file upload-v4.cif (mmCIF, C-alpha atoms)
data_final
loop_
_atom_site.label_atom_id
_atom_site.label_comp_id
_atom_site.auth_asym_id
_atom_site.auth_seq_id
_atom_site.Cartn_x
_atom_site.Cartn_y
_atom_site.Cartn_z
CA ALA L 1 -26.06 99.91 -83.70
CA ASN L 2 -24.59 102.46 -81.31
CA TYR L 3 -24.98 103.68 -77.74
CA ILE L 4 -27.96 105.87 -78.66
CA GLY L 5 -29.74 102.92 -80.21
CA LEU L 6 -28.97 100.79 -77.17
CA ALA L 7 -30.35 103.49 -74.84
CA GLU L 8 -33.53 103.89 -76.90
CA SER L 9 -34.11 100.12 -77.02
CA TYR L 10 -33.64 99.81 -73.26
CA ARG L 11 -35.91 102.79 -72.62
CA ASN L 12 -38.63 101.18 -74.76
CA LYS L 13 -38.23 97.93 -72.82
CA LEU L 14 -38.60 99.75 -69.48
CA ILE L 15 -41.74 101.49 -70.74
CA ALA L 16 -43.18 98.20 -72.04
CA ASP L 17 -42.46 96.48 -68.70
CA GLY L 18 -44.09 99.33 -66.77
CA ASP L 19 -40.86 100.26 -64.97
CA LEU L 20 -40.72 103.66 -66.68
CA VAL L 21 -43.77 105.86 -67.20
CA LYS L 22 -43.85 108.16 -70.20
CA THR L 23 -45.14 111.62 -69.30
CA THR L 24 -47.80 113.20 -71.47
CA ASP L 25 -47.93 116.71 -69.98
CA GLY L 26 -44.24 117.53 -70.47
CA THR L 27 -43.55 118.11 -66.78
CA PHE L 28 -40.30 117.04 -65.17
CA LYS L 29 -38.15 117.78 -62.13
CA THR L 30 -35.10 119.97 -62.58
CA ARG L 31 -32.05 118.04 -61.33
CA LEU L 32 -29.54 119.97 -59.20
CA ASP L 33 -26.35 118.61 -57.67
CA PHE L 34 -24.70 120.28 -54.69
CA PHE L 35 -21.17 119.49 -53.47
CA GLY L 36 -20.46 119.99 -49.77
CA VAL L 37 -16.95 119.36 -48.44
CA ASP L 38 -13.60 118.19 -49.79
CA LYS L 39 -10.20 117.97 -48.07
CA GLU L 40 -6.79 119.50 -48.64
CA GLU L 41 -3.38 119.07 -47.02
CA PHE L 42 -2.64 121.79 -44.48
CA LEU L 43 0.54 121.72 -42.37
CA VAL L 44 0.25 118.57 -40.20
CA PHE L 45 -3.48 117.88 -40.60
CA LYS L 46 -5.98 117.82 -43.43
CA THR L 47 -8.52 120.63 -43.46
CA ASP L 48 -12.01 121.05 -44.90
CA VAL L 49 -12.50 122.81 -48.21
CA VAL L 50 -16.13 123.94 -48.27
CA ALA L 51 -17.87 124.26 -51.62
CA THR L 52 -21.55 124.58 -50.63
CA THR L 53 -22.91 125.07 -47.12
CA VAL L 54 -26.43 124.16 -46.04
CA ASP L 55 -27.30 127.87 -46.01
CA ASN L 56 -25.94 128.17 -49.58
CA VAL L 57 -28.25 125.37 -50.67
CA LYS L 58 -31.19 127.08 -48.97
CA ASP L 59 -30.43 130.39 -50.70
CA ILE L 60 -29.96 128.81 -54.14
CA LEU L 61 -33.22 126.87 -53.91
CA ALA L 62 -35.10 129.97 -52.69
CA ASP L 63 -33.66 132.02 -55.57
CA LEU L 64 -34.72 129.43 -58.12
CA LYS L 65 -38.21 129.20 -56.66
CA SER L 66 -38.59 133.00 -56.80
CA ASN L 67 -37.72 132.77 -60.49
CA GLY L 68 -40.44 130.22 -61.21
CA VAL L 69 -38.55 126.92 -60.93
CA GLU L 70 -41.05 124.81 -59.00
CA ASP L 71 -40.25 121.08 -59.21
CA ILE L 72 -36.66 120.31 -58.22
CA LEU L 73 -34.77 117.09 -57.52
CA ALA L 74 -31.68 118.13 -55.52
CA ILE L 75 -28.78 115.84 -54.60
CA TYR L 76 -26.34 116.84 -51.86
CA THR L 77 -22.97 115.03 -52.12
CA GLY L 78 -20.07 115.34 -49.69
CA TRP L 79 -22.28 116.37 -46.78
CA GLN L 80 -20.74 113.98 -44.23
CA GLN L 81 -18.21 114.74 -41.51
CA GLY L 82 -14.80 114.34 -43.11
CA GLY L 83 -16.03 115.29 -46.57
CA TYR L 84 -16.69 113.55 -49.84
CA TYR L 85 -14.01 110.85 -49.47
CA GLU L 86 -14.90 109.86 -45.90
CA THR L 87 -16.28 106.43 -46.84
CA PRO L 88 -18.11 104.28 -45.99
CA ILE L 89 -20.78 106.35 -44.26
CA LYS L 90 -22.20 104.52 -41.24
CA LYS L 91 -24.15 107.26 -39.47
CA TYR L 92 -25.91 110.57 -40.03
CA ASP L 93 -23.21 113.09 -39.15
CA VAL L 94 -23.26 116.31 -41.19
CA ALA L 95 -19.95 118.18 -41.48
CA ASN L 96 -19.79 121.05 -39.01
CA SER L 97 -18.11 123.21 -41.65
CA ILE L 98 -21.30 123.27 -43.73
CA GLY L 99 -23.72 123.69 -40.81
CA GLY L 100 -23.98 120.37 -38.97
CA ASN L 101 -27.02 118.20 -38.28
CA SER L 102 -29.21 120.99 -36.93
CA ALA L 103 -28.85 123.15 -40.05
CA MET L 104 -29.53 120.17 -42.32
CA ASN L 105 -32.58 119.15 -40.28
CA ASP L 106 -33.94 122.69 -40.49
CA LEU L 107 -33.41 122.74 -44.26
CA PHE L 108 -35.40 119.54 -44.73
CA LYS L 109 -38.22 120.95 -42.61
CA GLU L 110 -38.31 124.14 -44.66
CA LEU L 111 -38.47 122.16 -47.91
CA GLU L 112 -41.55 120.15 -46.87
CA GLY L 113 -44.42 120.82 -49.25
CA THR L 114 -42.36 123.12 -51.50
CA GLY L 115 -41.99 120.77 -54.48
CA VAL L 116 -38.28 120.32 -53.79
CA ASP L 117 -37.00 116.79 -53.13
CA LEU L 118 -33.57 116.87 -51.47
CA TYR L 119 -31.55 113.65 -51.14
CA LEU L 120 -28.28 113.03 -49.30
CA MET L 121 -25.96 111.03 -51.56
CA THR L 122 -23.90 108.31 -49.91
CA ASP L 123 -21.22 106.00 -51.26
CA MET L 124 -21.86 102.58 -49.73
CA GLN L 125 -19.38 100.60 -51.79
CA THR L 126 -15.91 102.07 -51.33
CA ILE L 127 -13.59 102.27 -48.34
CA ASN L 128 -11.08 105.07 -48.05
CA LYS L 129 -8.35 103.02 -46.39
CA ALA L 130 -6.55 106.20 -45.28
CA VAL L 131 -9.40 107.06 -42.89
CA THR L 132 -11.13 103.71 -42.27
CA SER L 133 -9.61 100.36 -41.32
CA SER L 134 -10.28 97.93 -44.14
CA SER L 135 -8.32 94.79 -43.21
CA TYR L 136 -11.43 92.70 -42.56
CA ASP L 137 -14.08 94.77 -44.35
CA ALA L 138 -12.61 94.85 -47.86
CA VAL L 139 -13.53 92.50 -50.69
CA LYS L 140 -10.93 89.85 -51.54
CA SER L 141 -10.59 87.42 -54.43
CA PHE L 142 -10.18 83.66 -54.12
CA THR L 143 -6.41 84.21 -54.10
CA GLN L 144 -6.83 86.64 -51.17
CA ARG L 145 -5.95 89.63 -53.36
CA THR L 146 -7.75 92.74 -52.11
CA TYR L 147 -9.69 94.61 -54.79
CA GLU L 148 -8.39 98.15 -54.98
CA VAL L 149 -8.91 101.20 -57.14
CA TRP L 150 -6.15 103.77 -57.48
CA SER L 151 -6.93 107.35 -58.51
CA PRO L 152 -3.58 108.97 -59.37
CA PHE L 153 -5.07 112.36 -60.21
CA LEU L 154 -6.54 112.93 -56.75
CA LYS L 155 -4.41 115.15 -54.52
CA VAL L 156 -5.23 113.96 -51.00
CA TYR L 157 -6.60 110.41 -51.15
CA GLN L 158 -5.67 108.00 -53.94
CA ASN L 159 -6.26 104.42 -52.79
CA PHE L 160 -9.70 102.94 -52.20
CA ARG L 161 -11.03 99.45 -51.55
CA TYR L 162 -14.45 97.85 -51.98
CA LEU L 163 -16.69 97.06 -49.05
CA ILE L 164 -18.01 93.53 -48.53
CA PRO L 165 -21.66 93.65 -49.80
CA GLU L 166 -23.19 92.35 -46.57
CA LEU L 167 -21.51 95.25 -44.75
CA SER L 168 -22.85 97.66 -47.36
CA ASN L 169 -26.28 96.30 -46.46
CA GLU L 170 -25.59 96.66 -42.72
CA TYR L 171 -24.30 100.23 -43.01
CA MET L 172 -27.14 101.30 -45.31
CA ILE L 173 -29.69 100.13 -42.74
CA SER L 174 -27.75 101.76 -39.89
CA LEU L 175 -27.52 105.11 -41.71
CA SER L 176 -31.18 105.04 -42.69
CA LYS L 177 -32.28 104.40 -39.10
CA ASP L 178 -29.98 107.14 -37.83
CA MET L 179 -31.43 109.62 -40.32
CA LYS L 180 -34.97 108.58 -39.49
CA ASP L 181 -34.32 109.40 -35.82
CA ASP L 182 -33.83 113.00 -37.00
CA GLY L 183 -36.96 112.84 -39.15
CA LEU L 184 -35.12 112.43 -42.46
CA THR L 185 -36.02 109.78 -45.02
CA ASN L 186 -34.41 110.99 -48.26
CA VAL L 187 -31.16 109.14 -48.86
CA ALA L 188 -29.57 108.18 -52.19
CA PHE L 189 -26.96 105.45 -52.70
CA SER L 190 -24.18 105.61 -55.29
CA GLY L 191 -21.78 102.99 -56.64
CA ILE L 192 -23.81 99.82 -56.21
CA SER L 193 -25.60 100.17 -59.52
CA SER L 194 -22.44 100.23 -61.64
CA PHE L 195 -19.95 97.78 -60.12
CA MET L 196 -20.45 94.14 -59.13
CA PHE L 197 -17.99 91.45 -58.07
CA SER L 198 -17.64 87.93 -56.76
CA TYR L 199 -15.58 87.62 -53.59
CA TYR L 200 -14.09 85.26 -51.04
CA LYS L 201 -14.80 85.46 -47.28
CA SER L 202 -14.15 83.08 -44.36
CA GLY L 203 -13.45 80.12 -46.62
CA THR L 204 -16.55 80.70 -48.79
CA GLN L 205 -16.78 81.96 -52.35
CA TYR L 206 -19.66 84.39 -53.04
CA SER L 207 -20.98 85.04 -56.53
CA ARG L 208 -22.06 88.30 -58.16
CA THR L 209 -25.65 87.10 -57.81
CA GLU L 210 -25.22 86.82 -54.04
CA ALA L 211 -23.63 90.28 -53.93
CA ALA L 212 -26.60 91.67 -55.85
CA LYS L 213 -28.99 90.14 -53.30
CA TYR L 214 -27.30 92.07 -50.49
CA TYR L 215 -27.58 95.32 -52.45
CA THR L 216 -31.22 94.66 -53.32
#

call {"tool": "encode", "arguments": {"input": "upload-v4.cif", "output": "structure tokens"}}
result
Amino acid sequence: ANYIGLAESYRNKLIADGDLVKTTDGTFKTRLDFFGVDKEEFLVFKTDVVATTVDNVKDILADLKSNGVEDILAIYTGWQQGGYYETPIKKYDVANSIGGNSAMNDLFKELEGTGVDLYLMTDMQTINKAVTSSSYDAVKSFTQRTYEVWSPFLKVYQNFRYLIPELSNEYMISLSKDMKDDGLTNVAFSGISSFMFSYYKSGTQYSRTEAAKYYT
């Protein structure tokens, strides 16, 4: 009767339902997470703080492969123009400070057939109200209170709102199409699997079930 027991019971249920396949040969993909761009205050404007460029990712993956690491699942977070907290992401626009679209496109081409699956992580649930207008796009309760999350330990951005689920759906489709135009199909979505809400819009109350339908 603890979290480990809960996890084991749920895992067994997923296996029994066929949603999770138990491996018999012991193989698995090594998970790697790369962080691209953050922001810091600099004089009048905010400036990029680069953690990992596209070329850095390329070099790290090549180094691992030369050392016998074959199957890799790599997640690239904070790749978008404006950095990690530039949300929501509506289009495929790689930060110039890490290499831009052309460098990212080239990286994906080089990874084809190498056993490395690279995904671009996107937050499709929060709005950074400091960089994106959220007056009409943010989730509100029946009392017209806007749902907000405040992160006091962040240095640059601290206040975020939640995007109306139907707009999450719209932006996800828009981003996917934009990426596909560049030949990219690997995109990962964060946030929507861990937070659900009912909301009020244009005189209509929407339930958590309806929100889940938009995400699905």

call {"tool": "resolve_selection", "arguments": {"input": "upload-v4.cif", "expression": "the PyMOL selection byres ((chain L and resi 114) around 10)", "output": "list in words"}}
result
Lys65, Glu70, Asp71, Ile72, Glu110, Leu111, Glu112, Gly113, Gly115, Val116 and Asp117 of chain L

call {"tool": "resolve_selection", "arguments": {"input": "upload-v4.cif", "expression": "the PyMOL selection byres ((chain L and resi 140) around 12)", "output": "list in words"}}
result
Ser134, Ser135, Tyr136, Asp137, Ala138, Val139, Ser141, Phe142, Thr143, Gln144, Arg145, Thr146, Tyr147, Glu148, Arg161, Tyr162, Leu163, Ile164, Pro165, Phe197, Ser198, Tyr199, Tyr200, Lys201, Ser202, Gly203, Thr204, Gln205 and Tyr206 of chain L

call {"tool": "closest_atom_pairs", "arguments": {"input": "upload-v4.cif", "of": "range 77-97 of chain L", "to": "range 50-64 of chain L", "cutoff": "12 Å", "atoms": "only C-alpha atoms", "output": "Markdown table"}}
result
| residue | atom | partner | partner_atom | distance |
| --- | --- | --- | --- | --- |
| L:Thr77 | CA | L:Thr52 | CA | 9.8 |
| L:Gly78 | CA | L:Ala51 | CA | 9.4 |
| L:Trp79 | CA | L:Thr53 | CA | 8.7 |
| L:Gln80 | CA | L:Thr53 | CA | 11.7 |
| L:Gln81 | CA | L:Val50 | CA | 11.6 |
| L:Gly82 | CA | L:Val50 | CA | 11.0 |
| L:Gly83 | CA | L:Val50 | CA | 8.8 |
| L:Tyr84 | CA | L:Val50 | CA | 10.5 |
| L:Val94 | CA | L:Val54 | CA | 9.8 |
| L:Ala95 | CA | L:Thr53 | CA | 9.4 |
| L:Asn96 | CA | L:Thr53 | CA | 9.6 |
| L:Ser97 | CA | L:Val50 | CA | 6.9 |

call {"tool": "closest_residue", "arguments": {"input": "upload-v4.cif", "among": "L:Ala212, L:Ala7, L:Leu120, L:Leu154", "to": "Thr185 in chain L", "atoms": "only C-alpha atoms"}}
result
L:Leu120

call {"tool": "residues_near_point", "arguments": {"input": "upload-v4.cif", "point": "(-7.9, 115.8, -53.7)", "cutoff": "12 Å", "atoms": "only C-alpha atoms", "output": "list in words"}}
result
Val37, Asp38, Lys39, Glu40, Glu41, Lys46, Thr47, Asp48, Val49, Gly83, Tyr84, Tyr85, Ser151, Pro152, Phe153, Leu154, Lys155, Val156, Tyr157, Gln158 and Asn159 of chain L

call {"tool": "atom_distance", "arguments": {"input": "upload-v4.cif", "atom1": "CA of Glu8 in chain L", "atom2": "CA of Leu20 in chain L"}}
result
12.5 Å

call {"tool": "atom_distance", "arguments": {"input": "upload-v4.cif", "atom1": "CA of Ser194 in chain L", "atom2": "CA of Met124 in chain L"}}
result
12.2 Å

call {"tool": "resolve_selection", "arguments": {"input": "upload-v4.cif", "expression": "the PyMOL selection byres ((chain L and resi 105) around 10)", "output": "ChimeraX atom specification"}}
result
/L:54,94,99-104,106-110,179,182-184

call {"tool": "write_last_selection", "arguments": {"input": "upload-v4.cif", "atoms": "C-alpha atoms", "output": "PDB file, in the coordinates of the input"}}
result
ATOM      1  CA  VAL L  54     -26.430 124.160 -46.040  1.00  0.00           C
ATOM      2  CA  VAL L  94     -23.260 116.310 -41.190  1.00  0.00           C
ATOM      3  CA  GLY L  99     -23.720 123.690 -40.810  1.00  0.00           C
ATOM      4  CA  GLY L 100     -23.980 120.370 -38.970  1.00  0.00           C
ATOM      5  CA  ASN L 101     -27.020 118.200 -38.280  1.00  0.00           C
ATOM      6  CA  SER L 102     -29.210 120.990 -36.930  1.00  0.00           C
ATOM      7  CA  ALA L 103     -28.850 123.150 -40.050  1.00  0.00           C
ATOM      8  CA  MET L 104     -29.530 120.170 -42.320  1.00  0.00           C
ATOM      9  CA  ASP L 106     -33.940 122.690 -40.490  1.00  0.00           C
ATOM     10  CA  LEU L 107     -33.410 122.740 -44.260  1.00  0.00           C
ATOM     11  CA  PHE L 108     -35.400 119.540 -44.730  1.00  0.00           C
ATOM     12  CA  LYS L 109     -38.220 120.950 -42.610  1.00  0.00           C
ATOM     13  CA  GLU L 110     -38.310 124.140 -44.660  1.00  0.00           C
ATOM     14  CA  MET L 179     -31.430 109.620 -40.320  1.00  0.00           C
ATOM     15  CA  ASP L 182     -33.830 113.000 -37.000  1.00  0.00           C
ATOM     16  CA  GLY L 183     -36.960 112.840 -39.150  1.00  0.00           C
ATOM     17  CA  LEU L 184     -35.120 112.430 -42.460  1.00  0.00           C
TER      18      LEU L 184
END

call {"tool": "closest_residue", "arguments": {"input": "upload-v4.cif", "among": "L:Glu86, L:Glu210, L:Asp123, L:Asp19", "to": "Glu166 in chain L", "atoms": "all atoms listed in the file"}}
result
L:Glu210

call {"tool": "atom_distance", "arguments": {"input": "upload-v4.cif", "atom1": "CA of Thr87 in chain L", "atom2": "CA of Asn128 in chain L"}}
result
5.5 Å

call {"tool": "residues_around", "arguments": {"input": "upload-v4.cif", "residues": "Ile75 in chain L", "least_positions_apart": "5", "cutoff": "7 Å", "atoms": "only C-alpha atoms", "output": "number ranges by chain"}}
result
L: 32-34, 118-121

call {"tool": "write_last_selection", "arguments": {"input": "upload-v4.cif", "atoms": "C-alpha atoms", "output": "compact mmCIF listing (two decimals), keeping the file's coordinate frame"}}
result
# COMPACT_ATOMS: atom_id res chain seq x y z
CA LEU L 32 -29.54 119.97 -59.20
CA ASP L 33 -26.35 118.61 -57.67
CA PHE L 34 -24.70 120.28 -54.69
CA LEU L 118 -33.57 116.87 -51.47
CA TYR L 119 -31.55 113.65 -51.14
CA LEU L 120 -28.28 113.03 -49.30
CA MET L 121 -25.96 111.03 -51.56

call {"tool": "closest_residue", "arguments": {"input": "upload-v4.cif", "among": "L:Leu167, L:Ile15, L:Met172, L:Ala74", "to": "Thr122 in chain L", "atoms": "only C-alpha atoms"}}
result
L:Met172

call {"tool": "closest_residue", "arguments": {"input": "upload-v4.cif", "among": "L:Ile89, L:Tyr214, L:Ser190, L:Phe160", "to": "Ser174 in chain L", "atoms": "only C-alpha atoms"}}
result
L:Ile89

call {"tool": "closest_residue", "arguments": {"input": "upload-v4.cif", "among": "L:Leu14, L:Tyr92, L:Asn186, L:Lys129", "to": "Tyr171 in chain L", "atoms": "only C-alpha atoms"}}
result
L:Tyr92

call {"tool": "build_atoms", "arguments": {"input": "upload-v4.cif", "residues": "range 81-92 of chain L", "atoms": "all heavy atoms", "output": "mmCIF file, in the coordinates of the input"}}
result
data_model
loop_
_atom_site.group_PDB
_atom_site.id
_atom_site.type_symbol
_atom_site.label_atom_id
_atom_site.label_comp_id
_atom_site.auth_asym_id
_atom_site.auth_seq_id
_atom_site.Cartn_x
_atom_site.Cartn_y
_atom_site.Cartn_z
ATOM 1 N N GLN L 81 -19.391 114.325 -42.262
ATOM 2 C CA GLN L 81 -18.210 114.740 -41.510
ATOM 3 C C GLN L 81 -16.972 114.093 -42.120
ATOM 4 O O GLN L 81 -16.924 112.884 -42.303
ATOM 5 C CB GLN L 81 -18.347 114.308 -40.043
ATOM 6 C CG GLN L 81 -17.459 115.029 -39.069
ATOM 7 C CD GLN L 81 -17.874 116.479 -38.838
ATOM 8 O OE1 GLN L 81 -17.282 117.381 -39.407
ATOM 9 N NE2 GLN L 81 -18.886 116.683 -38.023
ATOM 10 N N GLY L 82 -15.984 114.886 -42.450
ATOM 11 C CA GLY L 82 -14.800 114.340 -43.110
ATOM 12 C C GLY L 82 -14.795 114.586 -44.601
ATOM 13 O O GLY L 82 -13.778 114.425 -45.260
ATOM 14 N N GLY L 83 -15.965 114.935 -45.158
ATOM 15 C CA GLY L 83 -16.030 115.290 -46.570
ATOM 16 C C GLY L 83 -16.320 114.135 -47.515
ATOM 17 O O GLY L 83 -16.565 113.000 -47.095
ATOM 18 N N TYR L 84 -16.260 114.452 -48.769
ATOM 19 C CA TYR L 84 -16.690 113.550 -49.840
ATOM 20 C C TYR L 84 -16.021 112.174 -49.791
ATOM 21 O O TYR L 84 -16.654 111.160 -50.081
ATOM 22 C CB TYR L 84 -16.378 114.222 -51.187
ATOM 23 C CG TYR L 84 -16.719 113.398 -52.394
ATOM 24 C CD1 TYR L 84 -18.050 113.204 -52.777
ATOM 25 C CD2 TYR L 84 -15.717 112.819 -53.162
ATOM 26 C CE1 TYR L 84 -18.363 112.453 -53.896
ATOM 27 C CE2 TYR L 84 -16.034 112.065 -54.287
ATOM 28 C CZ TYR L 84 -17.351 111.882 -54.642
ATOM 29 O OH TYR L 84 -17.650 111.126 -55.749
ATOM 30 N N TYR L 85 -14.740 112.122 -49.431
ATOM 31 C CA TYR L 85 -14.010 110.850 -49.470
ATOM 32 C C TYR L 85 -13.994 110.118 -48.143
ATOM 33 O O TYR L 85 -13.252 109.155 -47.979
ATOM 34 C CB TYR L 85 -12.575 111.096 -49.955
ATOM 35 C CG TYR L 85 -12.521 111.538 -51.400
ATOM 36 C CD1 TYR L 85 -12.228 112.857 -51.735
ATOM 37 C CD2 TYR L 85 -12.800 110.645 -52.436
ATOM 38 C CE1 TYR L 85 -12.186 113.271 -53.059
ATOM 39 C CE2 TYR L 85 -12.769 111.049 -53.756
ATOM 40 C CZ TYR L 85 -12.465 112.356 -54.072
ATOM 41 O OH TYR L 85 -12.440 112.761 -55.384
ATOM 42 N N GLU L 86 -14.783 110.559 -47.189
ATOM 43 C CA GLU L 86 -14.900 109.860 -45.900
ATOM 44 C C GLU L 86 -15.894 108.722 -46.090
ATOM 45 O O GLU L 86 -17.100 108.859 -45.851
ATOM 46 C CB GLU L 86 -15.376 110.813 -44.808
ATOM 47 C CG GLU L 86 -15.327 110.218 -43.410
ATOM 48 C CD GLU L 86 -13.965 110.347 -42.740
ATOM 49 O OE1 GLU L 86 -13.086 111.026 -43.293
ATOM 50 O OE2 GLU L 86 -13.802 109.749 -41.667
ATOM 51 N N THR L 87 -15.414 107.574 -46.540
ATOM 52 C CA THR L 87 -16.280 106.430 -46.840
ATOM 53 C C THR L 87 -15.748 105.174 -46.158
ATOM 54 O O THR L 87 -14.539 105.041 -45.955
ATOM 55 C CB THR L 87 -16.363 106.192 -48.355
ATOM 56 O OG1 THR L 87 -15.048 105.915 -48.867
ATOM 57 C CG2 THR L 87 -16.951 107.381 -49.078
ATOM 58 N N PRO L 88 -16.656 104.231 -45.814
ATOM 59 C CA PRO L 88 -18.110 104.280 -45.990
ATOM 60 C C PRO L 88 -18.781 105.146 -44.922
ATOM 61 O O PRO L 88 -18.179 105.449 -43.887
ATOM 62 C CB PRO L 88 -18.527 102.819 -45.841
ATOM 63 C CG PRO L 88 -17.510 102.244 -44.903
ATOM 64 C CD PRO L 88 -16.211 102.939 -45.234
ATOM 65 N N ILE L 89 -20.021 105.523 -45.180
ATOM 66 C CA ILE L 89 -20.780 106.350 -44.260
ATOM 67 C C ILE L 89 -21.677 105.436 -43.413
ATOM 68 O O ILE L 89 -22.544 104.761 -43.952
ATOM 69 C CB ILE L 89 -21.645 107.374 -45.012
ATOM 70 C CG1 ILE L 89 -20.764 108.196 -45.962
ATOM 71 C CG2 ILE L 89 -22.388 108.285 -44.048
ATOM 72 C CD1 ILE L 89 -21.547 109.082 -46.903
ATOM 73 N N LYS L 90 -21.456 105.433 -42.111
ATOM 74 C CA LYS L 90 -22.200 104.520 -41.240
ATOM 75 C C LYS L 90 -23.275 105.223 -40.426
ATOM 76 O O LYS L 90 -24.161 104.567 -39.887
ATOM 77 C CB LYS L 90 -21.231 103.816 -40.287
ATOM 78 C CG LYS L 90 -20.110 103.055 -40.978
ATOM 79 C CD LYS L 90 -19.164 102.448 -39.959
ATOM 80 C CE LYS L 90 -17.971 101.794 -40.629
ATOM 81 N NZ LYS L 90 -17.040 101.214 -39.622
ATOM 82 N N LYS L 91 -23.177 106.553 -40.301
ATOM 83 C CA LYS L 91 -24.150 107.260 -39.470
ATOM 84 C C LYS L 91 -24.424 108.647 -40.046
ATOM 85 O O LYS L 91 -23.675 109.159 -40.874
ATOM 86 C CB LYS L 91 -23.641 107.383 -38.035
ATOM 87 C CG LYS L 91 -22.332 108.136 -37.895
ATOM 88 C CD LYS L 91 -21.888 108.191 -36.445
ATOM 89 C CE LYS L 91 -20.576 108.968 -36.283
ATOM 90 N NZ LYS L 91 -20.160 109.068 -34.881
ATOM 91 N N TYR L 92 -25.517 109.231 -39.590
ATOM 92 C CA TYR L 92 -25.910 110.570 -40.030
ATOM 93 C C TYR L 92 -25.134 111.589 -39.218
ATOM 94 O O TYR L 92 -25.442 111.858 -38.066
ATOM 95 C CB TYR L 92 -27.419 110.742 -39.838
ATOM 96 C CG TYR L 92 -27.920 112.137 -40.139
ATOM 97 C CD1 TYR L 92 -27.739 112.707 -41.395
ATOM 98 C CD2 TYR L 92 -28.591 112.877 -39.167
ATOM 99 C CE1 TYR L 92 -28.203 113.985 -41.667
ATOM 100 C CE2 TYR L 92 -29.063 114.152 -39.435
ATOM 101 C CZ TYR L 92 -28.867 114.698 -40.690
ATOM 102 O OH TYR L 92 -29.323 115.964 -40.962
#
